[in-house]
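Asker: Before we start, here is the structure in question, set down as structure tokens.
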Amino acid sequence: MKQPIQCELWEKPELARLPIRECFELLETIAYESHHWRYLLRCRECGQLYFFEFLEFIDWKHGNDPQYSTYIPVETAEEIEILKSTSPGQLLLFYPRLQIDRPSDAKSPSVSWIGKDEDLPHPPTLPSRLVAFVRRWLFASIRVFRAGRS
Ligand SMILES: [Zn+2]
């Protein structure tokens, strides 16, 4: 998924804590069950599309139900179809994604982008830094192997 660098949410993910309606326009309701919602949203500011999921788990012990919201920037109909075919919670395989996590023991939710840093691999290509590291390691091993034989 492409990084939505033009979107205000990219630099200010905490904006996603505002009521959904303030930041987004609802384009499609993909799922709407009591503890699982999925929407296709459009940013009111820049028009960026987001695949949104809300998940709530019932915490019988504490009554403070853990809640998780995920926003994944999407562009093409194909990307949207792929995300639609995933099961609840499987969106964690995609990035970049904006997550609002509130486990049952948290006082306030944590809001952050996952996969914003370039250190994380962006499929399908490996980050150049990792490739360079592997190449260096391979050459070093070959040199050690040759040195051992002579
Ligand atoms: Zn935006």
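Letters A, B, ... go to the chains of the structure tokens in the order shown; residues in each chain start at 1; ligands are counted from 1 in the same order.
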Within 12 Å of ligand 1, counting only C-alpha atoms and all ligand atoms: which residues, as a PyMOL selection string?
Answerer: chain A and resi 3-13+15-16+22-25+41-50+71+73-74
Asker: Put those residues in a file: C-alpha atoms, as a PDB file, in the first residue's frame.
Answerer:
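Everything below was put into again-v3.pdb:
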```pdb
ATOM      1  CA  GLN A   3       2.139   5.908   1.872  1.00  0.00           C
ATOM      2  CA  PRO A   4      -0.518   8.652   2.071  1.00  0.00           C
ATOM      3  CA  ILE A   5       2.033  11.425   2.588  1.00  0.00           C
ATOM      4  CA  GLN A   6      -0.365  14.145   1.426  1.00  0.00           C
ATOM      5  CA  CYS A   7      -2.900  13.237   4.112  1.00  0.00           C
ATOM      6  CA  GLU A   8      -2.999  15.161   7.361  1.00  0.00           C
ATOM      7  CA  LEU A   9      -3.348  11.847   9.184  1.00  0.00           C
ATOM      8  CA  TRP A  10       0.119  10.838   8.041  1.00  0.00           C
ATOM      9  CA  GLU A  11       1.741  13.433  10.300  1.00  0.00           C
ATOM     10  CA  LYS A  12      -1.077  13.690  12.838  1.00  0.00           C
ATOM     11  CA  PRO A  13      -2.455  10.187  13.358  1.00  0.00           C
ATOM     12  CA  LEU A  15      -6.764  13.066  14.350  1.00  0.00           C
ATOM     13  CA  ALA A  16      -8.212   9.610  13.778  1.00  0.00           C
ATOM     14  CA  GLU A  22     -15.425  14.659  11.191  1.00  0.00           C
ATOM     15  CA  CYS A  23     -12.484  13.383   9.163  1.00  0.00           C
ATOM     16  CA  PHE A  24     -14.113  10.987   6.747  1.00  0.00           C
ATOM     17  CA  GLU A  25     -16.930  10.483   4.355  1.00  0.00           C
ATOM     18  CA  LEU A  41     -13.816   5.861   3.889  1.00  0.00           C
ATOM     19  CA  ARG A  42     -12.640   8.961   2.088  1.00  0.00           C
ATOM     20  CA  CYS A  43     -10.645  11.690   3.801  1.00  0.00           C
ATOM     21  CA  ARG A  44     -12.619  14.926   3.718  1.00  0.00           C
ATOM     22  CA  GLU A  45      -9.418  16.971   3.375  1.00  0.00           C
ATOM     23  CA  CYS A  46      -7.449  15.234   0.655  1.00  0.00           C
ATOM     24  CA  GLY A  47      -9.682  12.521  -0.763  1.00  0.00           C
ATOM     25  CA  GLN A  48      -7.429   9.644   0.319  1.00  0.00           C
ATOM     26  CA  LEU A  49      -9.324   6.358   0.554  1.00  0.00           C
ATOM     27  CA  TYR A  50      -9.034   4.262   3.688  1.00  0.00           C
ATOM     28  CA  TYR A  71      -7.055   2.425   8.847  1.00  0.00           C
ATOM     29  CA  PRO A  73      -4.735   3.697   2.872  1.00  0.00           C
ATOM     30  CA  VAL A  74      -5.931   2.204  -0.400  1.00  0.00           C
TER      31      VAL A  74
END
```
Asker: Rank A:Trp113, A:Lys2, A:Thr70, A:Gly63 by their smallest atom-to-atom distance to Pro88 of chain A, using only C-alpha atoms, and report the top residue only.
Answerer: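 Comparing A:Trp113, A:Lys2, A:Thr70, A:Gly63 against Pro88 of chain A, the winner is A:Thr70.
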Asker: Which residues are near Glu56 of chain A? Cut-off 9 Å, only C-alpha atoms, ignore same chain within fewer than 2 positions. Put them as a PyMOL selection string.
Answerer: chain A and resi 34-36+54+58+65-69
Asker: Record the distance separating atom CA of Leu18 of chain A and atom CA of Lys84 of chain A, expressed in Å with one decimal.
Answerer: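 Computing it gives 24.5 Å between the two atoms.
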Asker: Which residue is closest to Asp105 of chain A? Choose from A:Ile80, A:Leu91, A:Asp59, A:Asp117 and count only C-alpha atoms.
Answerer: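 Among A:Ile80, A:Leu91, A:Asp59, A:Asp117, it is A:Asp59 that comes nearest to Asp105 of chain A.
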Asker: Tell me which protein, DNA and RNA residues are within 6 Å of Pro96 of chain A, counting only C-alpha atoms, leaving out same-chain ones fewer than 6 positions away, and put them as a list of chain:residue names.
Answerer: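 Answer for this query is A:Ile114, A:Gly115, A:Lys116.
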Asker: Could you tell me which of A:Leu93, A:Leu40, A:Leu55, A:Ile20 comes closest to Glu81 of chain A if we count only C-alpha atoms?
Answerer: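 Among the listed residues, the smallest separation from Glu81 of chain A belongs to A:Leu40.
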